[in-house]
Amino acid sequence: MPNIVLFSGSSHHDLSQRVADRLGLELGKVVTKKFSNQETSVEIGESVRGEDVYIIQSGCGEINDNLMELLIMINACKIASSSRVTAVIPCFPYARQDKKDKKGSVERWSRAPISAKLVANMLSVAGADHIITMDLHASQIQGFFDIPVDNLYAEPAVLQWIKENIPEWRNCIIVSPDAGGAKRVTSIADRLNVEFALIHKERKKANEVDRMVLVGDVKDRVAILVDDMADTCGTICHAADKLMTAGATKVYAILTHGIFSGPALSRINNASFEAVVVTNTIPQEEKMKHCPKIQFIDISMILAEAIRRTHNGESVSYLFSHVPL
């Protein structure tokens with residue numbers, strides 16, 4: 001491809017390499033390092049003048065360092081006269097801080113920051129012309145930007161995985177672990193032509209779930225929990241126990257972003273999951289070593305195809321319902 005340069009940040013080199021291989025490109029030369037005072041230094045090692053630049057950096061690991069590195073890389077390419085800079089952010093950082101939430105005391109609601117909007121502003125000010133991301137926690141985050149945002153979906157890849165790996169998928173039920181994910185779950189259930197259920201949870205404070213109520217019948221069925229992300233995994237592990245108690249034969253969990261922080265891995269190991277399936281928007285190799293139940297779906301071909309179509313000025317909406325071959 002002429003006039004396209006693909007750079008990788010340091011958050012997820014494996015995914016960047018897969019995207020580059022898929023596009024038949026070499027990753028651009030860039031050196032990222034830290035000075036002794038922990039400031040981030042970025043050196044772009046090749047000319048980007050007049051080029052269409054794509055920078056792949058996921059919001060994972062050392063999130064603040066990786067976000068800062070992305071901002072500096074965008075700015076470095078912008079002031080080196082690149083024609084367009086696209087930030088490819090498979091897992092958008094601070095996506096859960098998208099509104100003034102009703103957590104904590106009433107007085108504190110009014111002082112809660114909307115950090116996802118701040119991140120959007122920072123990316124724009126750094127010089128990003130376009131954002132490609134995947135399964136935003138709240139799709140309204142696209143409205144925080146004044147530049148085009150392509151929010152891709154893992155759903156086509158998830159449907160493909162279910163059909164290929166769960167023999168009893170025609171007798172399954174798709175379950176949302178909270179009311180907020182009902183839309184996502186009904187979409188998958190409709191495409192598979194199966195029923196759905198949801199679990200209503202009452203939460204007292206962040207990362208701690210109190211009471212769960214199952215709405216729907218899962219008896220003698222394979223239950224597939226679907227959510228956009230799992231962090232400490234308290235919710236999905238409670239949900240799995242609830243489903244097994246309600247008579248499900250097997251429980252799978254399928255998540256787009258497997259953050260798995262804190263006690264997540266030990267919780268999954270102790271829970272009654274057949275498998276916990278995540279995409280590789282976040283690196284999973286280390287976690288898979290400690291938790292054999294974790295499997296991953298490769299979504300590099302979706303990102304690669306989105307980059308190719310964006311570069312060639314083609315429509316990206318085909319990817320909302322199809323996995324590229």
# chains A, B, ... in the order shown; residues from 1 in each chain; ligands from 1
>>> closest_atom_pairs(of="segment 11-129 of chain A", to="segment 226-244 of chain A", cutoff="12 Å", atoms="only C-alpha atoms", output="CSV")
residue,atom,partner,partner_atom,distance
A:Cys60,CA,A:Asp231,CA,11.2
A:Cys91,CA,A:Met229,CA,9.5
A:Phe92,CA,A:Met229,CA,11.2
A:Ala95,CA,A:Met229,CA,10.6
A:Arg96,CA,A:Met229,CA,10.0
>>> write_last_selection(atoms="N, CA and C atoms", output="short mmCIF file (atom, residue, chain, number, x, y, z; two decimals), in the first residue's frame")
data_model
loop_
_atom_site.label_atom_id
_atom_site.label_comp_id
_atom_site.auth_asym_id
_atom_site.auth_seq_id
_atom_site.Cartn_x
_atom_site.Cartn_y
_atom_site.Cartn_z
N CYS A 60 -4.23 -0.47 28.02
CA CYS A 60 -4.06 -1.58 28.95
C CYS A 60 -2.67 -1.48 29.60
N CYS A 91 -8.74 -1.02 22.88
CA CYS A 91 -9.47 -0.89 24.15
C CYS A 91 -9.30 0.56 24.64
N PHE A 92 -10.39 1.31 24.60
CA PHE A 92 -10.30 2.75 24.88
C PHE A 92 -10.10 3.00 26.37
N ALA A 95 -12.81 4.46 29.55
CA ALA A 95 -14.15 4.40 28.95
C ALA A 95 -15.26 4.25 29.99
N ARG A 96 -14.91 3.73 31.18
CA ARG A 96 -15.96 3.55 32.19
C ARG A 96 -16.28 4.85 32.92
#
>>> select_by_dssp(residues="segment 213-273 of chain A", states="strand (DSSP E)", output="list in words")
Val213, Leu214, Val215, Val222, Ala223, Ile224, Leu225, Val226, Asp227, Asp228, Met229, Ala230, Lys250, Val251, Tyr252, Ala253, Ile254, Leu255, Thr256, His257 and Gly258 of chain A
>>> closest_atom_pairs(of="segment 187-297 of chain A", to="segment 308-321 of chain A", cutoff="12 Å", atoms="only C-alpha atoms", output="JSON lines")
{"residue": "A:Ser187", "atom": "CA", "partner": "A:Ser321", "partner_atom": "CA", "distance": 10.9}
{"residue": "A:Ile188", "atom": "CA", "partner": "A:Ser321", "partner_atom": "CA", "distance": 10.8}
{"residue": "A:Arg191", "atom": "CA", "partner": "A:Ser321", "partner_atom": "CA", "distance": 9.9}
>>> write_last_selection(atoms="C-alpha atoms", output="mmCIF file, in the first residue's frame")
data_model
loop_
_atom_site.group_PDB
_atom_site.id
_atom_site.type_symbol
_atom_site.label_atom_id
_atom_site.label_comp_id
_atom_site.auth_asym_id
_atom_site.auth_seq_id
_atom_site.Cartn_x
_atom_site.Cartn_y
_atom_site.Cartn_z
ATOM 1 C CA SER A 187 -28.427 -8.559 19.130
ATOM 2 C CA ILE A 188 -26.363 -11.779 19.456
ATOM 3 C CA ARG A 191 -28.469 -13.435 15.074
#
>>> closest_residue(among="A:Ala182, A:Ile63, A:Val119, A:Ile74", to="Ile141 of chain A", atoms="only C-alpha atoms")
A:Val119
>>> residues_around(residues="Gln17 of chain A", least_positions_apart="2", cutoff="12 Å", atoms="only C-alpha atoms", output="JSON, numbers by chain")
{"A": [6, 7, 8, 9, 10, 12, 13, 14, 15, 19, 20, 21, 22, 23, 24, 25, 26, 27, 28, 55, 56, 57, 300, 301, 303, 304]}
>>> select_by_dssp(residues="segment 143-296 of chain A", states="helix (DSSP H, G or I)", output="MDAnalysis selection string")
chainID A and resid 143:144 155:165 169:171 179:192 234:245 264:270 285:290
>>> closest_atom_pairs(of="segment 78-122 of chain A", to="segment 142-166 of chain A", cutoff="10 Å", atoms="only C-alpha atoms", output="Markdown table")
| residue | atom | partner | partner_atom | distance |
| --- | --- | --- | --- | --- |
| A:Thr86 | CA | A:Val149 | CA | 9.7 |
| A:Ala87 | CA | A:Val149 | CA | 9.7 |
| A:Val88 | CA | A:Asp150 | CA | 9.5 |
| A:Ile89 | CA | A:Asn151 | CA | 9.8 |
| A:Pro90 | CA | A:Leu152 | CA | 8.8 |
| A:Asp98 | CA | A:Phe144 | CA | 9.4 |
| A:Ala116 | CA | A:Phe144 | CA | 7.9 |
| A:Lys117 | CA | A:Phe144 | CA | 5.4 |
| A:Leu118 | CA | A:Phe144 | CA | 8.6 |
| A:Val119 | CA | A:Phe144 | CA | 9.1 |
| A:Ala120 | CA | A:Phe145 | CA | 5.8 |
| A:Asn121 | CA | A:Phe145 | CA | 7.1 |
>>> residues_around(residues="Ala253 of chain A", least_positions_apart="6", cutoff="7 Å", atoms="only C-alpha atoms", output="PyMOL selection string")
chain A and resi 224-226+275-277
>>> atom_distance(atom1="atom CA of Lys201 of chain A", atom2="atom CA of Ala179 of chain A")
7.9 Å
>>> residues_around(residues="Asp220 of chain A", least_positions_apart="6", cutoff="12 Å", atoms="only C-alpha atoms", output="PyMOL selection string")
chain A and resi 168+171-173+243-251
>>> residues_around(residues="Ala128 of chain A", least_positions_apart="2", cutoff="9 Å", atoms="only C-alpha atoms", output="compact mmCIF listing (two decimals) with N, CA, C and O atoms, in the first residue's frame")
# COMPACT_ATOMS: atom_id res chain seq x y z
N LEU A 71 -0.21 9.91 22.82
CA LEU A 71 -0.38 11.35 22.56
C LEU A 71 0.90 11.94 21.96
O LEU A 71 0.86 12.72 21.00
N ILE A 74 1.33 10.68 18.34
CA ILE A 74 0.41 11.39 17.43
C ILE A 74 0.99 12.76 17.11
O ILE A 74 1.08 13.18 15.94
N ASN A 75 1.43 13.47 18.17
CA ASN A 75 1.93 14.82 17.98
C ASN A 75 3.22 14.83 17.16
O ASN A 75 3.41 15.69 16.29
N LYS A 78 2.27 14.39 13.61
CA LYS A 78 1.53 15.55 13.11
C LYS A 78 2.49 16.68 12.74
O LYS A 78 2.38 17.28 11.67
N ARG A 84 -2.34 12.60 7.50
CA ARG A 84 -3.44 12.24 8.40
C ARG A 84 -2.90 11.29 9.46
O ARG A 84 -2.09 10.42 9.16
N VAL A 85 -3.35 11.46 10.70
CA VAL A 85 -2.93 10.55 11.78
C VAL A 85 -4.18 9.89 12.37
O VAL A 85 -5.10 10.57 12.82
N THR A 86 -4.21 8.57 12.32
CA THR A 86 -5.33 7.81 12.89
C THR A 86 -4.82 7.04 14.10
O THR A 86 -3.83 6.31 14.01
N ALA A 87 -5.49 7.22 15.24
CA ALA A 87 -5.15 6.45 16.44
C ALA A 87 -6.04 5.21 16.47
O ALA A 87 -7.26 5.31 16.46
N LEU A 123 -6.68 13.56 22.86
CA LEU A 123 -6.34 12.94 21.57
C LEU A 123 -6.51 13.95 20.43
O LEU A 123 -5.67 14.03 19.53
N SER A 124 -7.59 14.73 20.50
CA SER A 124 -7.83 15.74 19.45
C SER A 124 -6.76 16.83 19.47
O SER A 124 -6.23 17.21 18.42
N VAL A 125 -6.43 17.29 20.67
CA VAL A 125 -5.44 18.37 20.79
C VAL A 125 -4.05 17.88 20.36
O VAL A 125 -3.28 18.62 19.75
N ALA A 126 -3.75 16.60 20.62
CA ALA A 126 -2.45 16.04 20.21
C ALA A 126 -2.32 16.04 18.69
O ALA A 126 -1.21 16.07 18.16
N HIS A 130 -8.53 10.99 13.30
CA HIS A 130 -9.50 9.91 13.16
C HIS A 130 -9.19 8.88 14.26
O HIS A 130 -8.02 8.66 14.59
N ILE A 131 -10.22 8.26 14.81
CA ILE A 131 -10.04 7.25 15.86
C ILE A 131 -10.70 5.95 15.39
O ILE A 131 -11.83 5.97 14.90
N ILE A 147 -13.95 14.68 15.85
CA ILE A 147 -13.32 14.04 14.69
C ILE A 147 -14.02 12.70 14.47
O ILE A 147 -14.70 12.21 15.37
>>> atom_distance(atom1="atom CA of Ser261 of chain A", atom2="atom CA of Leu70 of chain A")
22.3 Å
